Amino acid sequence: MTVSDRNPGALLDRGDERLKDRSGAKGAIQGFLDRVRSGDLGSLPVVVGLVLICTIFQTLNPVFLSPNNLVNLLFDCSTVGIISLGIVCVLMVGEIDLSVGSVSGLASALLGVLWVQWGWPVALAIVAAMAVGFVTGCVYALLLNRLGMPSFVSTLSGLLAFLGLQLYILGPTGSINLPYDSPMVDFGQLLVMPYWVSHTLAVVPGVLGLFLGYRKAQRRRAAGLSSRSLGGLLLQAVAMTLVLELVTYYLNQSRGVPWMFALFVGLVVAMNYALKRTQWGRSMTAVGGNREAARRAGINVRLIYTSAFALCATLAATGGLLSAARLATASQQAGTGDVNLNAIAAAVIGGTSLFGGRGSAYSALLGIIVIQSIASGLTLLDLSSSLRYMITGCVLAIAVIVDSLARRSRVSHGRA
Amino acid sequence: MAIPDAPSTTSRQPVLSLRGISKNFGAVSALTDVDLDINAGEIVALVGDNGAGKSTLVKILAGAHMPSSGSITFDGQPVTLANPAAALKLGIATVFQDLALCENLDVVANIFLGRELHPLRLDEVSMEVRAWKLLNELSARIPSVREPVASLSGGQRQTVAIARSLLMEPRVILLDEPTAALGVAQTAEVLNLIERVRDRGLGVVMISHNMEDVRAVADRIVVLRLGRNNGIFLPGASNQELVTAITGADDNAVSRRGRRTAEARAGGEQP
């Protein structure tokens, strides 16, 4: 029980003899297997699910993996994906927003009315719609913070109320067509990156990862902590660049990488940084894990809830605007049907826990690709919407079961 | 870590001193005219029966409750502890019984929760180094600070909670039932830790129901009974004396056994 039985020459964080050696390639693999076995699945279920989905649909219909279909898939991913990114925020603090579909529909209706009918500049209409989303989120947070109204109930009433508002402002015509040749609709339907841009951007994650990883390793070494080897970092960077370049090349066989998808990925990366590397993100995770502990640590829990709900509703409105651009119309159908559940399901399938305090921005990206792949595959098979709903429902159920089982396993392995 | 006032250099002026503290909840007076002194480098054990006012007293010190009357002086200066933040700023840290750790965050994140370095670009390396230094100074045995707190044992969690409260370099630390719900080995580990905290020159106030633990580490034992001071004992005091002071009754199981033992011994010595 003294300092003397620590190995004095060892690194600061590798001094305890109970700690297993996890350095090198073999250690990394062993560590990964240990994590999976203890229920810390990460994005493994998504990768397995995607491989399964691709194999099944490709054998049923060879169009599925064609570049053209994949480009369309990426366009479709972006709109609901951005909504799902907001869902990740509220799930992180252990709350839920069931009204994201209605808020997105309301935003698209607002865009149609303000821009097309009232003749506002498009930028102003966009800002106004997003502001409405922001205020909506603040109201949910207010109801939770001041009145103790569970978000499940407040957002459920919001779902109905905002659907009503959407129908009301659209009026008897029911749908407003957006100008077909406007930049907004172009962005939603056509705009893709030039080949050289997409290929350049595909190199960025690898190079940046290598650079930041190397700098971090240097700092850790200087501080006497264990660090990753240059070889491992290099290997990771090369592999990532290769995969991204291949995907880009394949997509460029068709129209190319949509700018809208780039916007979505940009938002995901920004959100990931905010959640993982800032005090705000740490506070979000803490509130989701143990609200009382967070409060005692001096975190302004109410402000954190407000930021989560406001961000979620603002992103939902953004997703609604983009889907209006994608469809070139603001209609009564916008945001109804399966938008809500797809957004929530994507976050959960991607690995964000419904129980709060555990998740990542990337789960929105991975999850929505799974959901949209299923939707796209089922559409290609020309299945009726009745079957599509049933199958998507089953996938969501499986995702939540995996989440619950993994959680139970984490608890029993002491990694909750 | 610098110790602002090593115990040898201080005059014996108490760091924290309470005089005539009373606290009423409606018609109930939880504390009546309580005095308490806490010196630097000293462990004061606060013992008493359920409802004796220990928790109320600690909450007043932590700034969670305001006393109805009485005065608090810190370093000889009269102070008011209006809220927990004020107490913390003054240098009074509290570790509550439910440790209030986030199980989903790792040890470093828990130690620095709410006080992260570089809010917009968390300085993980510096925080990890600081966490290791703090834990090593306490000779705490945590295998890895990058594991979620959920994977730690009860004693290790207590260690993390105490390390967390030391981050702000407080002068006084309040521990509410630090050894409750711990096994034998873990209790010993936490008691060692408490002594090391004292050796850093902090005043330690420890609430406990366990007389063994109290006598093992305390320099002074302050007994509360029904919201009043009921004696100050040295660790050498017998169990019987303490139990008598706590319960207020001369006639109880402990005193009866004490008498029986004494009589038996006296009887055995007779020819």
# chains A, B, ... in the order shown; residues from 1 in each chain; ligands from 1
>>> interface_residues(of="chain A", to="chain B", cutoff="10 Å", atoms="only C-alpha atoms", output="JSON, numbers by chain")
{"A": [1, 2, 3, 4, 6, 12, 13, 14, 15, 16, 17, 18, 19, 20, 216, 217, 219, 220, 221, 222, 223, 224, 225, 273, 274, 276, 277, 278, 279, 280, 281, 282, 283, 285, 286, 287, 288, 289, 290, 291, 292, 293, 294, 295, 296, 297, 298, 299, 300, 356, 357, 358, 410, 411, 412, 413, 414, 415, 416]}
>>> closest_atom_pairs(of="segment 109-214 of chain A", to="segment 69-74 of chain A", cutoff="12 Å", atoms="only C-alpha atoms", output="CSV")
residue,atom,partner,partner_atom,distance
A:Gly188,CA,A:Asn72,CA,10.9
A:Gln189,CA,A:Asn72,CA,9.1
A:Leu190,CA,A:Asn72,CA,10.0
A:Leu191,CA,A:Val71,CA,11.3
A:Val192,CA,A:Val71,CA,9.4
A:Met193,CA,A:Val71,CA,11.6
>>> write_last_selection(atoms="N, CA and C atoms", output="mmCIF file, in the first residue's frame")
data_model
loop_
_atom_site.group_PDB
_atom_site.id
_atom_site.type_symbol
_atom_site.label_atom_id
_atom_site.label_comp_id
_atom_site.auth_asym_id
_atom_site.auth_seq_id
_atom_site.Cartn_x
_atom_site.Cartn_y
_atom_site.Cartn_z
ATOM 1 N N GLY A 188 -30.238 21.213 -52.687
ATOM 2 C CA GLY A 188 -30.910 20.021 -52.186
ATOM 3 C C GLY A 188 -30.964 18.892 -53.191
ATOM 4 N N GLN A 189 -30.854 19.217 -54.507
ATOM 5 C CA GLN A 189 -31.082 18.158 -55.492
ATOM 6 C C GLN A 189 -29.875 17.849 -56.358
ATOM 7 N N LEU A 190 -29.068 18.876 -56.666
ATOM 8 C CA LEU A 190 -28.092 18.697 -57.739
ATOM 9 C C LEU A 190 -26.645 18.903 -57.329
ATOM 10 N N LEU A 191 -26.406 19.915 -56.497
ATOM 11 C CA LEU A 191 -25.023 20.365 -56.325
ATOM 12 C C LEU A 191 -24.115 19.255 -55.793
ATOM 13 N N VAL A 192 -23.092 18.909 -56.576
ATOM 14 C CA VAL A 192 -22.093 17.945 -56.124
ATOM 15 C C VAL A 192 -20.724 18.591 -56.243
ATOM 16 N N MET A 193 -19.767 17.998 -55.521
ATOM 17 C CA MET A 193 -18.419 18.558 -55.549
ATOM 18 C C MET A 193 -17.757 18.242 -56.894
#
>>> closest_residue(among="A:Val370, A:Leu235, A:Ala125, A:Leu11", to="Ser43 of chain A", atoms="only C-alpha atoms")
A:Val370
>>> select_by_dssp(residues="segment 3-194 of chain B", states="strand (DSSP E or B)", output="JSON, numbers by chain")
{"B": [16, 17, 18, 19, 20, 21, 22, 23, 24, 25, 28, 29, 30, 31, 32, 33, 34, 35, 36, 37, 38, 42, 43, 44, 45, 46, 47, 48, 69, 70, 71, 72, 73, 74, 77, 78, 79, 92, 93, 94, 95, 106, 148, 172, 173, 174, 175, 176]}
>>> write_last_selection(atoms="C-alpha atoms", output="PDB file, in the first residue's frame")
ATOM      1  CA  LEU B  16     -12.444  27.012  11.343  1.00  0.00           C
ATOM      2  CA  SER B  17     -14.262  27.854  14.501  1.00  0.00           C
ATOM      3  CA  LEU B  18     -17.965  27.671  15.346  1.00  0.00           C
ATOM      4  CA  ARG B  19     -19.472  29.428  18.339  1.00  0.00           C
ATOM      5  CA  GLY B  20     -23.019  29.059  19.612  1.00  0.00           C
ATOM      6  CA  ILE B  21     -24.416  27.626  16.389  1.00  0.00           C
ATOM      7  CA  SER B  22     -28.150  26.922  16.468  1.00  0.00           C
ATOM      8  CA  LYS B  23     -30.352  25.731  13.667  1.00  0.00           C
ATOM      9  CA  ASN B  24     -34.132  25.512  13.787  1.00  0.00           C
ATOM     10  CA  PHE B  25     -36.360  23.756  11.310  1.00  0.00           C
ATOM     11  CA  VAL B  28     -37.650  21.657  15.868  1.00  0.00           C
ATOM     12  CA  SER B  29     -34.214  22.811  16.931  1.00  0.00           C
ATOM     13  CA  ALA B  30     -31.751  20.539  15.182  1.00  0.00           C
ATOM     14  CA  LEU B  31     -28.735  22.263  16.732  1.00  0.00           C
ATOM     15  CA  THR B  32     -28.578  24.263  19.941  1.00  0.00           C
ATOM     16  CA  ASP B  33     -25.581  26.353  20.919  1.00  0.00           C
ATOM     17  CA  VAL B  34     -22.951  24.099  19.365  1.00  0.00           C
ATOM     18  CA  ASP B  35     -19.238  24.974  19.507  1.00  0.00           C
ATOM     19  CA  LEU B  36     -16.638  23.346  17.276  1.00  0.00           C
ATOM     20  CA  ASP B  37     -12.979  24.082  16.520  1.00  0.00           C
ATOM     21  CA  ILE B  38     -11.035  22.577  13.646  1.00  0.00           C
ATOM     22  CA  GLU B  42      -6.036  17.537  12.746  1.00  0.00           C
ATOM     23  CA  ILE B  43      -8.779  14.968  12.288  1.00  0.00           C
ATOM     24  CA  VAL B  44     -11.922  15.804  14.214  1.00  0.00           C
ATOM     25  CA  ALA B  45     -14.436  13.004  14.384  1.00  0.00           C
ATOM     26  CA  LEU B  46     -18.033  14.051  14.739  1.00  0.00           C
ATOM     27  CA  VAL B  47     -20.060  11.295  16.370  1.00  0.00           C
ATOM     28  CA  GLY B  48     -23.567  11.080  17.634  1.00  0.00           C
ATOM     29  CA  SER B  69     -27.856  31.919  15.049  1.00  0.00           C
ATOM     30  CA  GLY B  70     -24.222  31.739  16.078  1.00  0.00           C
ATOM     31  CA  SER B  71     -20.950  32.768  14.477  1.00  0.00           C
ATOM     32  CA  ILE B  72     -18.444  31.089  12.174  1.00  0.00           C
ATOM     33  CA  THR B  73     -14.870  32.278  11.944  1.00  0.00           C
ATOM     34  CA  PHE B  74     -12.392  31.133   9.311  1.00  0.00           C
ATOM     35  CA  GLN B  77     -12.198  36.257  10.306  1.00  0.00           C
ATOM     36  CA  PRO B  78     -15.965  36.078  10.809  1.00  0.00           C
ATOM     37  CA  VAL B  79     -17.581  34.627   7.690  1.00  0.00           C
ATOM     38  CA  ILE B  92     -14.008  24.140   2.778  1.00  0.00           C
ATOM     39  CA  ALA B  93     -14.489  21.041   0.627  1.00  0.00           C
ATOM     40  CA  THR B  94     -17.156  18.441   1.285  1.00  0.00           C
ATOM     41  CA  VAL B  95     -17.362  14.775   0.297  1.00  0.00           C
ATOM     42  CA  ASP B 106     -13.410   8.271 -16.406  1.00  0.00           C
ATOM     43  CA  PRO B 148     -14.918   4.726 -16.273  1.00  0.00           C
ATOM     44  CA  VAL B 172     -10.703  22.028   5.574  1.00  0.00           C
ATOM     45  CA  ILE B 173     -12.298  18.876   4.228  1.00  0.00           C
ATOM     46  CA  LEU B 174     -15.591  17.441   5.471  1.00  0.00           C
ATOM     47  CA  LEU B 175     -16.151  13.712   5.061  1.00  0.00           C
ATOM     48  CA  ASP B 176     -19.657  12.359   5.588  1.00  0.00           C
TER      49      ASP B 176
END
>>> closest_residue(among="B:Asn50, B:Thr56, B:Asn39, B:Asn210", to="Arg225 of chain B", atoms="only C-alpha atoms")
B:Asn50
>>> closest_residue(among="A:Leu170, A:Met184, A:Ile374, A:Ala308", to="Gln333 of chain A", atoms="only C-alpha atoms")
A:Leu170
>>> residues_around(residues="Val103 of chain A", least_positions_apart="6", cutoff="9 Å", atoms="only C-alpha atoms", output="list in words")
Val132, Gly133, Thr136, Gly158, Leu159, Phe162, Leu163, Gln166, Ala313, Thr314, Ala316, Ala317, Gly320 and Gly335 of chain A
>>> atom_distance(atom1="atom CA of Ser386 of chain A", atom2="atom CA of Gly174 of chain A")
24.3 Å
>>> residues_around(residues="Ala109 of chain A", least_positions_apart="4", cutoff="9 Å", atoms="only C-alpha atoms", output="list in words")
Ser104, Gly105, Val113, Leu114, Ala129, Gln166, Leu167, Ile169, Leu170, Ser175, Ile176, Gly320, Leu321, Ala324, Thr329, Ala330, Ser331, Gln332 and Ala334 of chain A
>>> closest_residue(among="A:Val122, A:Ser360, A:Ala346, A:Val127", to="Ser373 of chain A", atoms="only C-alpha atoms")
A:Ala346
>>> closest_residue(among="B:Ala264, B:Leu191, B:Ala64, B:Arg220", to="Phe96 of chain B", atoms="only C-alpha atoms")
B:Ala64
>>> residues_around(residues="Leu311 of chain A", least_positions_apart="6", cutoff="9 Å", atoms="only C-alpha atoms", output="ChimeraX atom specification")
/A:86,89-90,133-134,137
>>> residues_around(residues="segment 376-383 of chain A", least_positions_apart="6", cutoff="12 Å", atoms="only C-alpha atoms", output="PDB file with C-alpha atoms, in the first residue's frame")
ATOM      1  CA  LEU A  50     -24.233  -2.459 -42.986  1.00  0.00           C
ATOM      2  CA  ILE A  53     -27.763  -5.024 -45.522  1.00  0.00           C
ATOM      3  CA  CYS A  54     -25.454  -4.526 -48.495  1.00  0.00           C
ATOM      4  CA  THR A  55     -25.067  -8.258 -49.081  1.00  0.00           C
ATOM      5  CA  ILE A  56     -28.793  -8.961 -48.888  1.00  0.00           C
ATOM      6  CA  PHE A  57     -29.977  -6.077 -51.060  1.00  0.00           C
ATOM      7  CA  GLN A  58     -27.160  -6.433 -53.586  1.00  0.00           C
ATOM      8  CA  THR A  59     -28.069 -10.074 -54.186  1.00  0.00           C
ATOM      9  CA  LEU A  60     -31.760  -9.160 -54.480  1.00  0.00           C
ATOM     10  CA  ASN A  61     -31.202  -6.160 -56.731  1.00  0.00           C
ATOM     11  CA  PRO A  62     -27.813  -5.344 -58.299  1.00  0.00           C
ATOM     12  CA  VAL A  63     -28.774  -1.678 -58.676  1.00  0.00           C
ATOM     13  CA  PHE A  64     -28.437  -1.233 -54.920  1.00  0.00           C
ATOM     14  CA  LEU A  65     -24.682  -0.693 -54.827  1.00  0.00           C
ATOM     15  CA  SER A  66     -24.512   1.201 -58.109  1.00  0.00           C
ATOM     16  CA  ASN A  68     -25.974   6.374 -58.876  1.00  0.00           C
ATOM     17  CA  ASN A  69     -28.073   4.821 -56.149  1.00  0.00           C
ATOM     18  CA  LEU A  70     -25.397   5.536 -53.558  1.00  0.00           C
ATOM     19  CA  VAL A  71     -25.251   9.222 -54.513  1.00  0.00           C
ATOM     20  CA  ASN A  72     -29.029   9.441 -54.114  1.00  0.00           C
ATOM     21  CA  LEU A  73     -28.648   7.661 -50.805  1.00  0.00           C
ATOM     22  CA  LEU A  74     -26.221  10.337 -49.599  1.00  0.00           C
ATOM     23  CA  PHE A  75     -28.640  13.122 -50.609  1.00  0.00           C
ATOM     24  CA  ASP A  76     -31.406  11.416 -48.634  1.00  0.00           C
ATOM     25  CA  CYS A  77     -29.132  10.720 -45.643  1.00  0.00           C
ATOM     26  CA  ILE A 368     -28.716   7.231 -40.797  1.00  0.00           C
ATOM     27  CA  ILE A 369     -26.678   5.408 -43.456  1.00  0.00           C
ATOM     28  CA  VAL A 370     -28.066   2.121 -42.112  1.00  0.00           C
ATOM     29  CA  TYR A 389     -42.792   0.190 -42.104  1.00  0.00           C
ATOM     30  CA  MET A 390     -42.840  -3.285 -40.593  1.00  0.00           C
ATOM     31  CA  ILE A 391     -39.263  -4.054 -41.576  1.00  0.00           C
ATOM     32  CA  THR A 392     -37.940  -0.676 -40.399  1.00  0.00           C
TER      33      THR A 392
END
>>> select_by_dssp(residues="segment 125-335 of chain A", states="helix (DSSP H, G or I)", output="MDAnalysis selection string")
chainID A and resid 125:147 151:170 183:189 195:222 230:252 259:277 279:289 291:296 301:327
>>> residues_around(residues="Glu245 of chain A", least_positions_apart="4", cutoff="9 Å", atoms="only C-alpha atoms", output="ChimeraX atom specification")
/A:198-200,202-203,240-241,249-250
